[in-house]
>>> print(open('query.cif').read())   # mmCIF, N, CA and C atoms
data_query
#
loop_
_atom_site.label_atom_id
_atom_site.label_comp_id
_atom_site.auth_asym_id
_atom_site.auth_seq_id
_atom_site.Cartn_x
_atom_site.Cartn_y
_atom_site.Cartn_z
N MET M 1151 0.84 -1.18 0.00
CA MET M 1151 0.00 0.00 0.00
C MET M 1151 0.89 1.24 0.00
N ARG M 1152 0.63 2.12 -0.91
CA ARG M 1152 1.40 3.36 -0.98
C ARG M 1152 0.65 4.46 -0.26
N MET M 1153 1.39 5.27 0.48
CA MET M 1153 0.77 6.38 1.19
C MET M 1153 1.09 7.67 0.46
N ASN M 1154 0.17 8.55 0.45
CA ASN M 1154 0.36 9.87 -0.14
C ASN M 1154 1.27 10.66 0.81
N PRO M 1155 2.41 11.15 0.34
CA PRO M 1155 3.31 11.90 1.23
C PRO M 1155 2.66 13.10 1.91
N SER M 1156 1.66 13.67 1.30
CA SER M 1156 1.02 14.83 1.92
C SER M 1156 0.17 14.46 3.13
N THR M 1157 -0.09 13.16 3.32
CA THR M 1157 -0.88 12.73 4.48
C THR M 1157 0.00 12.20 5.61
N LEU M 1158 1.31 12.15 5.39
CA LEU M 1158 2.21 11.66 6.42
C LEU M 1158 2.48 12.74 7.47
N PRO M 1159 2.78 12.33 8.71
CA PRO M 1159 3.14 13.32 9.73
C PRO M 1159 4.38 14.10 9.32
N ASP M 1160 4.50 15.32 9.81
CA ASP M 1160 5.67 16.16 9.57
C ASP M 1160 6.85 15.56 10.31
N SER M 1161 7.90 15.20 9.58
CA SER M 1161 9.03 14.51 10.21
C SER M 1161 9.77 15.42 11.20
N ASP M 1162 9.87 16.72 10.93
CA ASP M 1162 10.53 17.63 11.87
C ASP M 1162 9.71 17.74 13.16
N GLY M 1163 8.41 17.91 13.02
CA GLY M 1163 7.54 18.01 14.19
C GLY M 1163 7.56 16.73 15.00
N LEU M 1164 7.58 15.60 14.31
CA LEU M 1164 7.63 14.31 15.00
C LEU M 1164 8.94 14.16 15.77
N ALA M 1165 10.04 14.56 15.15
CA ALA M 1165 11.34 14.47 15.82
C ALA M 1165 11.38 15.34 17.08
N VAL M 1166 10.82 16.54 16.98
CA VAL M 1166 10.80 17.45 18.13
C VAL M 1166 9.97 16.87 19.26
N THR M 1167 8.79 16.33 18.94
CA THR M 1167 7.93 15.78 20.00
C THR M 1167 8.53 14.50 20.58
N GLU M 1168 9.23 13.72 19.77
CA GLU M 1168 9.89 12.52 20.30
C GLU M 1168 11.00 12.89 21.28
N MET M 1169 11.76 13.92 20.95
CA MET M 1169 12.83 14.37 21.86
C MET M 1169 12.24 14.93 23.15
N ALA M 1170 11.16 15.70 23.03
CA ALA M 1170 10.52 16.26 24.23
C ALA M 1170 9.97 15.15 25.11
N LEU M 1171 9.36 14.15 24.49
CA LEU M 1171 8.83 13.02 25.25
C LEU M 1171 9.95 12.25 25.94
N ALA M 1172 11.03 11.99 25.23
CA ALA M 1172 12.15 11.26 25.84
C ALA M 1172 12.72 12.03 27.03
N HIS M 1173 12.84 13.34 26.89
CA HIS M 1173 13.36 14.18 27.98
C HIS M 1173 12.40 14.17 29.18
N ALA M 1174 11.12 14.36 28.92
CA ALA M 1174 10.12 14.37 30.01
C ALA M 1174 10.08 13.02 30.71
N ASP M 1175 10.16 11.95 29.94
CA ASP M 1175 10.13 10.60 30.52
C ASP M 1175 11.35 10.37 31.40
N ARG M 1176 12.52 10.82 30.93
CA ARG M 1176 13.75 10.68 31.75
C ARG M 1176 13.62 11.41 33.08
N LEU M 1177 13.10 12.64 33.05
CA LEU M 1177 12.94 13.41 34.29
C LEU M 1177 11.97 12.74 35.26
N TRP M 1178 10.87 12.22 34.72
CA TRP M 1178 9.89 11.52 35.57
C TRP M 1178 10.52 10.27 36.18
N ARG M 1179 11.28 9.52 35.38
CA ARG M 1179 11.92 8.31 35.89
C ARG M 1179 12.96 8.63 36.97
N VAL M 1180 13.66 9.73 36.83
CA VAL M 1180 14.61 10.15 37.86
C VAL M 1180 13.87 10.40 39.17
N GLU M 1181 12.76 11.10 39.11
CA GLU M 1181 11.98 11.37 40.33
C GLU M 1181 11.40 10.08 40.93
N MET M 1182 10.95 9.18 40.07
CA MET M 1182 10.43 7.89 40.57
C MET M 1182 11.54 7.09 41.25
N ARG M 1183 12.73 7.11 40.66
CA ARG M 1183 13.87 6.39 41.24
C ARG M 1183 14.25 7.02 42.57
N ARG M 1184 14.23 8.35 42.61
CA ARG M 1184 14.59 9.07 43.84
C ARG M 1184 13.62 8.71 44.97
N ALA M 1185 12.34 8.64 44.65
CA ALA M 1185 11.32 8.40 45.67
C ALA M 1185 11.17 6.93 46.04
N TYR M 1186 11.30 6.02 45.05
CA TYR M 1186 10.93 4.63 45.28
C TYR M 1186 12.03 3.61 45.00
N GLY M 1187 13.21 4.08 44.65
CA GLY M 1187 14.30 3.16 44.38
C GLY M 1187 14.43 2.83 42.90
N PRO M 1188 15.41 1.95 42.58
CA PRO M 1188 15.74 1.70 41.18
C PRO M 1188 14.59 1.14 40.34
N ASP M 1189 13.65 0.46 40.94
CA ASP M 1189 12.51 -0.10 40.20
C ASP M 1189 11.24 0.72 40.41
N GLY M 1190 11.39 1.98 40.85
CA GLY M 1190 10.24 2.81 41.17
C GLY M 1190 9.25 2.97 40.04
N ALA M 1191 9.72 3.26 38.83
CA ALA M 1191 8.81 3.44 37.70
C ALA M 1191 8.11 2.13 37.36
N LEU M 1192 8.83 1.04 37.43
CA LEU M 1192 8.26 -0.27 37.13
C LEU M 1192 7.21 -0.69 38.17
N LEU M 1193 7.52 -0.48 39.44
CA LEU M 1193 6.64 -0.93 40.51
C LEU M 1193 5.47 0.02 40.79
N HIS M 1194 5.69 1.32 40.61
CA HIS M 1194 4.68 2.30 41.02
C HIS M 1194 4.21 3.23 39.90
N GLY M 1195 4.78 3.07 38.72
CA GLY M 1195 4.51 4.01 37.63
C GLY M 1195 3.09 4.03 37.11
N PHE M 1196 2.35 2.95 37.29
CA PHE M 1196 1.00 2.89 36.73
C PHE M 1196 -0.10 3.05 37.77
N GLY M 1197 0.28 3.38 38.98
CA GLY M 1197 -0.70 3.61 40.03
C GLY M 1197 -0.66 5.06 40.48
N PRO M 1198 -1.41 5.38 41.52
CA PRO M 1198 -1.44 6.76 42.02
C PRO M 1198 -0.06 7.29 42.42
N ALA M 1199 0.81 6.43 42.90
CA ALA M 1199 2.16 6.87 43.31
C ALA M 1199 2.93 7.43 42.11
N GLY M 1200 2.66 6.92 40.93
CA GLY M 1200 3.34 7.38 39.73
C GLY M 1200 2.94 8.78 39.31
N GLN M 1201 1.80 9.23 39.82
CA GLN M 1201 1.34 10.59 39.53
C GLN M 1201 1.83 11.58 40.57
N GLY M 1202 2.16 11.09 41.74
CA GLY M 1202 2.66 11.96 42.80
C GLY M 1202 1.56 12.78 43.44
N GLU M 1203 1.90 13.39 44.55
CA GLU M 1203 0.99 14.28 45.26
C GLU M 1203 0.98 15.65 44.60
N PRO M 1204 -0.15 16.36 44.68
CA PRO M 1204 -0.19 17.71 44.10
C PRO M 1204 0.96 18.57 44.62
N GLY M 1205 1.64 19.22 43.68
CA GLY M 1205 2.75 20.10 44.04
C GLY M 1205 4.10 19.41 44.16
N SER M 1206 4.12 18.08 44.13
CA SER M 1206 5.38 17.35 44.29
C SER M 1206 6.15 17.33 42.97
N ARG M 1207 7.44 17.02 43.06
CA ARG M 1207 8.27 16.89 41.85
C ARG M 1207 7.77 15.75 40.98
N ILE M 1208 7.32 14.67 41.61
CA ILE M 1208 6.78 13.57 40.80
C ILE M 1208 5.57 14.06 40.02
N ARG M 1209 4.67 14.82 40.65
CA ARG M 1209 3.49 15.31 39.95
C ARG M 1209 3.89 16.25 38.82
N GLN M 1210 4.84 17.13 39.08
CA GLN M 1210 5.28 18.07 38.04
C GLN M 1210 5.86 17.33 36.84
N THR M 1211 6.70 16.34 37.10
CA THR M 1211 7.30 15.60 35.99
C THR M 1211 6.28 14.68 35.33
N TYR M 1212 5.35 14.13 36.11
CA TYR M 1212 4.28 13.31 35.54
C TYR M 1212 3.43 14.13 34.57
N GLU M 1213 3.06 15.34 34.98
CA GLU M 1213 2.23 16.19 34.13
C GLU M 1213 2.98 16.62 32.87
N ALA M 1214 4.27 16.92 33.00
CA ALA M 1214 5.07 17.28 31.83
C ALA M 1214 5.15 16.08 30.87
N ARG M 1215 5.31 14.90 31.42
CA ARG M 1215 5.37 13.68 30.61
C ARG M 1215 4.03 13.42 29.94
N ARG M 1216 2.95 13.59 30.68
CA ARG M 1216 1.61 13.37 30.13
C ARG M 1216 1.35 14.32 28.95
N MET M 1217 1.75 15.57 29.09
CA MET M 1217 1.57 16.54 28.01
C MET M 1217 2.46 16.22 26.81
N ALA M 1218 3.67 15.73 27.08
CA ALA M 1218 4.58 15.35 26.00
C ALA M 1218 4.04 14.15 25.22
N VAL M 1219 3.44 13.20 25.92
CA VAL M 1219 2.82 12.05 25.26
C VAL M 1219 1.68 12.53 24.36
N ALA M 1220 0.85 13.42 24.87
CA ALA M 1220 -0.28 13.94 24.09
C ALA M 1220 0.21 14.67 22.84
N ALA M 1221 1.25 15.48 22.96
CA ALA M 1221 1.79 16.21 21.81
C ALA M 1221 2.37 15.24 20.79
N TRP M 1222 3.07 14.21 21.26
CA TRP M 1222 3.65 13.21 20.38
C TRP M 1222 2.55 12.46 19.63
N ARG M 1223 1.51 12.08 20.33
CA ARG M 1223 0.39 11.37 19.68
C ARG M 1223 -0.28 12.26 18.64
N LEU M 1224 -0.48 13.50 18.96
CA LEU M 1224 -1.11 14.43 18.02
C LEU M 1224 -0.24 14.59 16.77
N GLU M 1225 1.04 14.68 16.95
CA GLU M 1225 1.97 14.86 15.82
C GLU M 1225 2.00 13.62 14.93
N ARG M 1226 1.77 12.47 15.50
CA ARG M 1226 1.81 11.21 14.73
C ARG M 1226 0.60 11.03 13.83
N ARG M 1227 -0.47 11.75 14.09
CA ARG M 1227 -1.67 11.61 13.26
C ARG M 1227 -1.40 12.13 11.85
N PRO M 1228 -1.80 11.34 10.87
CA PRO M 1228 -1.62 11.83 9.48
C PRO M 1228 -2.43 13.10 9.23
N VAL M 1229 -1.89 13.93 8.38
CA VAL M 1229 -2.57 15.15 7.97
C VAL M 1229 -3.63 14.78 6.95
N ASN M 1230 -4.82 15.30 7.12
CA ASN M 1230 -5.89 14.96 6.16
C ASN M 1230 -6.07 16.04 5.15
#
>>> encode(input="query.cif", output="structure tokens")
Amino acid sequence: MRMNPSTLPDSDGLAVTEMALAHADRLWRVEMRRAYGPDGALLHGFGPAGQGEPGSRIRQTYEARRMAVAAWRLERRPVN
């Protein structure tokens, strides 16, 4: 199946959002490791502890990561 190049995601925009997501994810993982040890993201990342308390560094990095994921997903959508 051939795709029309005009419907593909913008490669520059995709690269930017991928880098932002990788950076946000790294920062969140650092905070999870700091709070819960080396397996913090694995053990607590998908529960309430992974979101952190309001105002905490975990919450700040979780929210930045959540927004980066949303931007990355939006950028991946083909242009119609």
>>> atom_distance(input="query.cif", atom1="atom CA of M:Arg1223", atom2="atom N of M:Glu1168")
9.1 Å
>>> closest_residue(input="query.cif", among="M:Met1182, M:Leu1171, M:Leu1193, M:Ala1165", to="M:Met1217", atoms="all atoms listed in the file")
M:Leu1171
>>> closest_residue(input="query.cif", among="M:Pro1188, M:Glu1203, M:Arg1183, M:Ala1172", to="M:Arg1215", atoms="only C-alpha atoms")
M:Ala1172
>>> resolve_selection(input="query.cif", expression="the PyMOL selection byres ((chain M and resi 1191) around 8)", output="number ranges by chain")
M: 1178-1184, 1186-1190, 1192-1196, 1200
>>> write_last_selection(input="query.cif", atoms="N, CA and C atoms", output="compact mmCIF listing (two decimals), in the coordinates of the input")
# COMPACT_ATOMS: atom_id res chain seq x y z
N TRP M 1178 10.87 12.22 34.72
CA TRP M 1178 9.89 11.52 35.57
C TRP M 1178 10.52 10.27 36.18
N ARG M 1179 11.28 9.52 35.38
CA ARG M 1179 11.92 8.31 35.89
C ARG M 1179 12.96 8.63 36.97
N VAL M 1180 13.66 9.73 36.83
CA VAL M 1180 14.61 10.15 37.86
C VAL M 1180 13.87 10.40 39.17
N GLU M 1181 12.76 11.10 39.11
CA GLU M 1181 11.98 11.37 40.33
C GLU M 1181 11.40 10.08 40.93
N MET M 1182 10.95 9.18 40.07
CA MET M 1182 10.43 7.89 40.57
C MET M 1182 11.54 7.09 41.25
N ARG M 1183 12.73 7.11 40.66
CA ARG M 1183 13.87 6.39 41.24
C ARG M 1183 14.25 7.02 42.57
N ARG M 1184 14.23 8.35 42.61
CA ARG M 1184 14.59 9.07 43.84
C ARG M 1184 13.62 8.71 44.97
N TYR M 1186 11.30 6.02 45.05
CA TYR M 1186 10.93 4.63 45.28
C TYR M 1186 12.03 3.61 45.00
N GLY M 1187 13.21 4.08 44.65
CA GLY M 1187 14.30 3.16 44.38
C GLY M 1187 14.43 2.83 42.90
N PRO M 1188 15.41 1.95 42.58
CA PRO M 1188 15.74 1.70 41.18
C PRO M 1188 14.59 1.14 40.34
N ASP M 1189 13.65 0.46 40.94
CA ASP M 1189 12.51 -0.10 40.20
C ASP M 1189 11.24 0.72 40.41
N GLY M 1190 11.39 1.98 40.85
CA GLY M 1190 10.24 2.81 41.17
C GLY M 1190 9.25 2.97 40.04
N LEU M 1192 8.83 1.04 37.43
CA LEU M 1192 8.26 -0.27 37.13
C LEU M 1192 7.21 -0.69 38.17
N LEU M 1193 7.52 -0.48 39.44
CA LEU M 1193 6.64 -0.93 40.51
C LEU M 1193 5.47 0.02 40.79
N HIS M 1194 5.69 1.32 40.61
CA HIS M 1194 4.68 2.30 41.02
C HIS M 1194 4.21 3.23 39.90
N GLY M 1195 4.78 3.07 38.72
CA GLY M 1195 4.51 4.01 37.63
C GLY M 1195 3.09 4.03 37.11
N PHE M 1196 2.35 2.95 37.29
CA PHE M 1196 1.00 2.89 36.73
C PHE M 1196 -0.10 3.05 37.77
N GLY M 1200 2.66 6.92 40.93
CA GLY M 1200 3.34 7.38 39.73
C GLY M 1200 2.94 8.78 39.31
>>> atom_distance(input="query.cif", atom1="atom CA of M:Ser1161", atom2="atom CA of M:Gln1210")
28.3 Å
>>> atom_distance(input="query.cif", atom1="atom CA of M:His1173", atom2="atom CA of M:Arg1207")
15.0 Å
>>> closest_residue(input="query.cif", among="M:Arg1227, M:Gly1163, M:Ala1185, M:Gln1201", to="M:Glu1213", atoms="only N, CA and C atoms")
M:Gln1201
>>> decode(input="query.cif", residues="stretch 1163-1201 of chain M", atoms="N, CA and C atoms", output="PDB file, in the first residue's frame")
ATOM      1  N   GLY M1163       8.408  17.909  13.021  1.00  0.00           N
ATOM      2  CA  GLY M1163       7.544  18.009  14.192  1.00  0.00           C
ATOM      3  C   GLY M1163       7.555  16.727  15.002  1.00  0.00           C
ATOM      4  N   LEU M1164       7.581  15.597  14.312  1.00  0.00           N
ATOM      5  CA  LEU M1164       7.628  14.311  14.999  1.00  0.00           C
ATOM      6  C   LEU M1164       8.941  14.162  15.766  1.00  0.00           C
ATOM      7  N   ALA M1165      10.040  14.559  15.152  1.00  0.00           N
ATOM      8  CA  ALA M1165      11.341  14.470  15.825  1.00  0.00           C
ATOM      9  C   ALA M1165      11.376  15.343  17.075  1.00  0.00           C
ATOM     10  N   VAL M1166      10.823  16.538  16.981  1.00  0.00           N
ATOM     11  CA  VAL M1166      10.797  17.453  18.128  1.00  0.00           C
ATOM     12  C   VAL M1166       9.972  16.867  19.263  1.00  0.00           C
ATOM     13  N   THR M1167       8.792  16.329  18.937  1.00  0.00           N
ATOM     14  CA  THR M1167       7.934  15.779  19.999  1.00  0.00           C
ATOM     15  C   THR M1167       8.531  14.503  20.580  1.00  0.00           C
ATOM     16  N   GLU M1168       9.229  13.717  19.771  1.00  0.00           N
ATOM     17  CA  GLU M1168       9.890  12.518  20.297  1.00  0.00           C
ATOM     18  C   GLU M1168      10.996  12.892  21.280  1.00  0.00           C
ATOM     19  N   MET M1169      11.763  13.919  20.945  1.00  0.00           N
ATOM     20  CA  MET M1169      12.828  14.374  21.859  1.00  0.00           C
ATOM     21  C   MET M1169      12.238  14.931  23.146  1.00  0.00           C
ATOM     22  N   ALA M1170      11.162  15.704  23.031  1.00  0.00           N
ATOM     23  CA  ALA M1170      10.524  16.264  24.227  1.00  0.00           C
ATOM     24  C   ALA M1170       9.966  15.155  25.108  1.00  0.00           C
ATOM     25  N   LEU M1171       9.364  14.151  24.488  1.00  0.00           N
ATOM     26  CA  LEU M1171       8.827  13.022  25.254  1.00  0.00           C
ATOM     27  C   LEU M1171       9.949  12.254  25.943  1.00  0.00           C
ATOM     28  N   ALA M1172      11.026  11.991  25.235  1.00  0.00           N
ATOM     29  CA  ALA M1172      12.153  11.262  25.838  1.00  0.00           C
ATOM     30  C   ALA M1172      12.717  12.032  27.031  1.00  0.00           C
ATOM     31  N   HIS M1173      12.840  13.340  26.892  1.00  0.00           N
ATOM     32  CA  HIS M1173      13.361  14.177  27.981  1.00  0.00           C
ATOM     33  C   HIS M1173      12.402  14.167  29.179  1.00  0.00           C
ATOM     34  N   ALA M1174      11.116  14.358  28.923  1.00  0.00           N
ATOM     35  CA  ALA M1174      10.121  14.372  30.007  1.00  0.00           C
ATOM     36  C   ALA M1174      10.076  13.019  30.705  1.00  0.00           C
ATOM     37  N   ASP M1175      10.162  11.949  29.942  1.00  0.00           N
ATOM     38  CA  ASP M1175      10.135  10.602  30.516  1.00  0.00           C
ATOM     39  C   ASP M1175      11.352  10.372  31.403  1.00  0.00           C
ATOM     40  N   ARG M1176      12.520  10.820  30.933  1.00  0.00           N
ATOM     41  CA  ARG M1176      13.745  10.684  31.754  1.00  0.00           C
ATOM     42  C   ARG M1176      13.615  11.408  33.085  1.00  0.00           C
ATOM     43  N   LEU M1177      13.096  12.639  33.052  1.00  0.00           N
ATOM     44  CA  LEU M1177      12.941  13.409  34.290  1.00  0.00           C
ATOM     45  C   LEU M1177      11.969  12.735  35.255  1.00  0.00           C
ATOM     46  N   TRP M1178      10.866  12.216  34.721  1.00  0.00           N
ATOM     47  CA  TRP M1178       9.893  11.523  35.569  1.00  0.00           C
ATOM     48  C   TRP M1178      10.523  10.272  36.182  1.00  0.00           C
ATOM     49  N   ARG M1179      11.278   9.522  35.375  1.00  0.00           N
ATOM     50  CA  ARG M1179      11.924   8.309  35.885  1.00  0.00           C
ATOM     51  C   ARG M1179      12.958   8.629  36.967  1.00  0.00           C
ATOM     52  N   VAL M1180      13.661   9.732  36.829  1.00  0.00           N
ATOM     53  CA  VAL M1180      14.613  10.155  37.864  1.00  0.00           C
ATOM     54  C   VAL M1180      13.872  10.396  39.174  1.00  0.00           C
ATOM     55  N   GLU M1181      12.758  11.099  39.112  1.00  0.00           N
ATOM     56  CA  GLU M1181      11.978  11.365  40.333  1.00  0.00           C
ATOM     57  C   GLU M1181      11.404  10.082  40.925  1.00  0.00           C
ATOM     58  N   MET M1182      10.952   9.176  40.075  1.00  0.00           N
ATOM     59  CA  MET M1182      10.428   7.893  40.573  1.00  0.00           C
ATOM     60  C   MET M1182      11.536   7.092  41.247  1.00  0.00           C
ATOM     61  N   ARG M1183      12.728   7.106  40.656  1.00  0.00           N
ATOM     62  CA  ARG M1183      13.866   6.390  41.242  1.00  0.00           C
ATOM     63  C   ARG M1183      14.251   7.023  42.574  1.00  0.00           C
ATOM     64  N   ARG M1184      14.232   8.349  42.610  1.00  0.00           N
ATOM     65  CA  ARG M1184      14.594   9.065  43.844  1.00  0.00           C
ATOM     66  C   ARG M1184      13.617   8.714  44.974  1.00  0.00           C
ATOM     67  N   ALA M1185      12.344   8.642  44.649  1.00  0.00           N
ATOM     68  CA  ALA M1185      11.324   8.397  45.669  1.00  0.00           C
ATOM     69  C   ALA M1185      11.167   6.928  46.038  1.00  0.00           C
ATOM     70  N   TYR M1186      11.295   6.023  45.052  1.00  0.00           N
ATOM     71  CA  TYR M1186      10.929   4.628  45.284  1.00  0.00           C
ATOM     72  C   TYR M1186      12.025   3.613  44.995  1.00  0.00           C
ATOM     73  N   GLY M1187      13.212   4.082  44.649  1.00  0.00           N
ATOM     74  CA  GLY M1187      14.304   3.161  44.379  1.00  0.00           C
ATOM     75  C   GLY M1187      14.433   2.826  42.904  1.00  0.00           C
ATOM     76  N   PRO M1188      15.405   1.954  42.578  1.00  0.00           N
ATOM     77  CA  PRO M1188      15.739   1.696  41.182  1.00  0.00           C
ATOM     78  C   PRO M1188      14.589   1.138  40.335  1.00  0.00           C
ATOM     79  N   ASP M1189      13.651   0.456  40.939  1.00  0.00           N
ATOM     80  CA  ASP M1189      12.512  -0.100  40.203  1.00  0.00           C
ATOM     81  C   ASP M1189      11.239   0.724  40.411  1.00  0.00           C
ATOM     82  N   GLY M1190      11.390   1.979  40.848  1.00  0.00           N
ATOM     83  CA  GLY M1190      10.237   2.810  41.170  1.00  0.00           C
ATOM     84  C   GLY M1190       9.248   2.966  40.042  1.00  0.00           C
ATOM     85  N   ALA M1191       9.723   3.258  38.831  1.00  0.00           N
ATOM     86  CA  ALA M1191       8.805   3.441  37.696  1.00  0.00           C
ATOM     87  C   ALA M1191       8.111   2.129  37.361  1.00  0.00           C
ATOM     88  N   LEU M1192       8.830   1.035  37.432  1.00  0.00           N
ATOM     89  CA  LEU M1192       8.257  -0.273  37.128  1.00  0.00           C
ATOM     90  C   LEU M1192       7.212  -0.687  38.171  1.00  0.00           C
ATOM     91  N   LEU M1193       7.523  -0.483  39.440  1.00  0.00           N
ATOM     92  CA  LEU M1193       6.635  -0.934  40.509  1.00  0.00           C
ATOM     93  C   LEU M1193       5.474   0.018  40.790  1.00  0.00           C
ATOM     94  N   HIS M1194       5.687   1.320  40.608  1.00  0.00           N
ATOM     95  CA  HIS M1194       4.683   2.300  41.017  1.00  0.00           C
ATOM     96  C   HIS M1194       4.213   3.229  39.895  1.00  0.00           C
ATOM     97  N   GLY M1195       4.777   3.073  38.717  1.00  0.00           N
ATOM     98  CA  GLY M1195       4.512   4.011  37.630  1.00  0.00           C
ATOM     99  C   GLY M1195       3.090   4.034  37.110  1.00  0.00           C
ATOM    100  N   PHE M1196       2.345   2.955  37.288  1.00  0.00           N
ATOM    101  CA  PHE M1196       1.001   2.886  36.727  1.00  0.00           C
ATOM    102  C   PHE M1196      -0.098   3.045  37.766  1.00  0.00           C
ATOM    103  N   GLY M1197       0.280   3.382  38.975  1.00  0.00           N
ATOM    104  CA  GLY M1197      -0.698   3.611  40.033  1.00  0.00           C
ATOM    105  C   GLY M1197      -0.657   5.063  40.480  1.00  0.00           C
ATOM    106  N   PRO M1198      -1.407   5.380  41.516  1.00  0.00           N
ATOM    107  CA  PRO M1198      -1.438   6.755  42.022  1.00  0.00           C
ATOM    108  C   PRO M1198      -0.060   7.290  42.420  1.00  0.00           C
ATOM    109  N   ALA M1199       0.812   6.425  42.902  1.00  0.00           N
ATOM    110  CA  ALA M1199       2.160   6.874  43.305  1.00  0.00           C
ATOM    111  C   ALA M1199       2.929   7.428  42.114  1.00  0.00           C
ATOM    112  N   GLY M1200       2.661   6.915  40.928  1.00  0.00           N
ATOM    113  CA  GLY M1200       3.337   7.376  39.727  1.00  0.00           C
ATOM    114  C   GLY M1200       2.938   8.779  39.314  1.00  0.00           C
ATOM    115  N   GLN M1201       1.799   9.226  39.819  1.00  0.00           N
ATOM    116  CA  GLN M1201       1.338  10.588  39.526  1.00  0.00           C
ATOM    117  C   GLN M1201       1.828  11.576  40.573  1.00  0.00           C
TER     118      GLN M1201
END
